[in-house]
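Working notes for the structure below.
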Amino acid sequence: MILLRLMYEFCKTGLFAVGGGLATLPFLYEMAEKTGWFTNQDILNLVAISESTPGAIGINMSTYVGFLTSGIPGAICATLALAFPSIVIIVLVAKCMEQFKNSPIVAAVFKALRPASTGLILAASLSVAQLAFFKGEWSGFSQIGSFLATINLPAIVLAVALFAFMRKFKMHPIAYIGIAAAIGLIFQM
Amino acid sequence: MKELWKLYRVFFSIGICTFGGGYAMLSLLQRVIVEQYHWASEEELMDYYAIGQCTPGIIALNTSTFIGYKYKKLPGAITATLGFLSPSILIIVLIAAFMTNYASLPVVNHAFAGIRICVCALILDAVLKLGKKSIVDKSSVIIFLVVVGLAAFTNISTILLVIAAGIAGYLIYYVMGSKRA
């Protein structure tokens, strides 16, 4: 019974959370409050774990909550329920796109969606970069001194070096991830 | 069947190598799906991201479903998505069962401090590749700059931005484009 409820809750999350994995967070807080399956402290812990493991954050959080609630069956049910609306909706959209593949109107729309899509990805990465390159709170640009103090200089040096390597040697992305993890460990970043 | 199994394996490995989420996954998709297996083009990836960001569901799942569908219709869509989430289930269950202090281990924190920085560089590299294909004329430069500005510095929703860009495309490339021709 609890598995059905779990699937219902995560299906709802998959249906209404739009965007990146953290969009699922408000749904988890609501779920915690309504069902009492887990506490707000659990949520903080599961965000930390989801961010420090491979896989998309939203999926990892669903698996974790499912496991907390009813073990391995719960983990599997919650994760599949989260994915279910995505599969249905995207398959429908993809079918529509196939149908209108040769329409000049659709071609015109997508010609503009591509630079927009590129821009959205860049903008989203800025918030990731902010976390990686600045530490702690900063009180605005007005105080240059305090602004400079928040810059994480080693992080910026590492990023520039990695980026230069990426442009020069076309290695598999996981190679750079491995190198960066090793550097983080060696220099205790 | 053999092809579906391959699709599953490829997305399983993408799931293991993705650190972060849908955006971090982009450089892997370019490398593995576009360059290695040719299951989608760079342009199609951009289309999938544009739609995946403004339809329900998290971006990584939406993109996996799109690529799977393009390769093998509905069975492909299901297989790719299951492949992508399988490693998450395995890894998270192991951690939740045996290592509840995982996120506070110094080893994990140091490694992920490095990985997060790498993910930024990877996304930037991926965006440059996309930009080469998507920013091709004056109109697209303007659309790109406006979207970056609005998405980074205002709270306007992604859905609105995507719809507005689509309408702009219709007007610029279809209505005005056909008049000129």
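Note on naming: chains are A, B, ... as they come in the structure tokens, residues start from 1 per chain, ligands start from 1 in the order shown.
Secondary structure of stretch 49-162 of chain A, strand (DSSP E or B) only (DSSP, backbone atoms): Gly55, Ala56, Phe134 and Ile151 of chain A.
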I'd like the contact shell of B:Tyr8 - 7 Å cut-off, only C-alpha atoms, skipping same-chain residues fewer than 4 positions apart - returned as a PyMOL selection string.
chain B and resi 4+12+79-80+83
Next, write the just-selected residues to a file, as a short mmCIF file (atom, residue, chain, number, x, y, z; two decimals), in the first residue's frame, keeping N, CA and C atoms as the atom set.
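Written output follows (part05.cif):
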```cif
data_model
loop_
_atom_site.label_atom_id
_atom_site.label_comp_id
_atom_site.auth_asym_id
_atom_site.auth_seq_id
_atom_site.Cartn_x
_atom_site.Cartn_y
_atom_site.Cartn_z
N LEU B 4 18.74 -2.56 -28.54
CA LEU B 4 18.19 -2.01 -27.30
C LEU B 4 19.15 -2.26 -26.13
N PHE B 12 23.51 3.54 -19.43
CA PHE B 12 23.98 3.15 -18.10
C PHE B 12 25.32 3.82 -17.83
N THR B 79 14.02 2.20 -22.83
CA THR B 79 15.33 1.59 -22.55
C THR B 79 16.38 2.62 -22.15
N ALA B 80 16.46 3.72 -22.91
CA ALA B 80 17.47 4.73 -22.62
C ALA B 80 17.25 5.32 -21.23
N GLY B 83 18.14 2.84 -18.60
CA GLY B 83 19.60 2.73 -18.55
C GLY B 83 20.20 3.87 -17.75
#
```
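Taking only C-alpha atoms into account, B:Lys72 lies nearest to B:Trp5 out of the set B:Trp5, B:Lys138, B:Leu85, B:Met25.
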For chain A against chain B, which residues fall within 6 Å using only C-alpha atoms, given as a ChimeraX atom specification?
/A:14-21,48-49,54-57,60,63,86-87,108-109,112-117,119,123,129,132,159,163,177,180-181,184-185,188-189
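If only C-alpha atoms are the atoms counted, then among A:Lys12, A:Ala182, A:Leu148, A:Ser52 the closest residue to B:Leu105 is A:Ser52.
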Check the smallest atom-to-atom distance from each of A:Thr39, A:Val91, A:Tyr8, A:Val47 to A:Thr24 using only C-alpha atoms, then report the winner.
A:Val47
Based on the backbone DSSP call, show me all residues of stretch 30-162 of chain A assigned helix (DSSP H, G or I), as a ChimeraX atom specification.
/A:30-35,40-51,57-99,104-133,144-149,153-162
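Ranking A:Val65, A:Ile105, A:Leu44, A:Ile183 by their shortest atom-to-atom distance to A:Val157, with only C-alpha atoms included, puts A:Ile183 first.
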Can you tell me which residues surround A:Thr13 at a distance of at most 12 Å, considering only C-alpha atoms, apart from same-chain residues fewer than 4 positions away, and format the answer as a ChimeraX atom specification?
/A:6-9,17-19,21-31,58-59,61-62,78-86 /B:56-58
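Taking atom CA of A:Ile2 and atom CA of A:Asn45 as endpoints, the distance between them is 22.5 Å.
Counting only C-alpha atoms, the residue from A:Phe38, A:Glu51, A:Asn152, A:Ile43 that sits nearest to A:Leu68 is A:Phe38.
For A:Gly66, the set of protein, DNA and RNA residues having any atom at most 8 Å away, when counting only C-alpha atoms and skipping those fewer than 5 positions along the same chain, is Leu6, Gly71, Ile72, Pro73, Gly74, Ala75, Ile76, Cys77, Ala78 and Thr79 of chain A.
For the pair atom CA of A:Leu131 and atom CA of B:Phe98, the interatomic distance is 29.0 Å.
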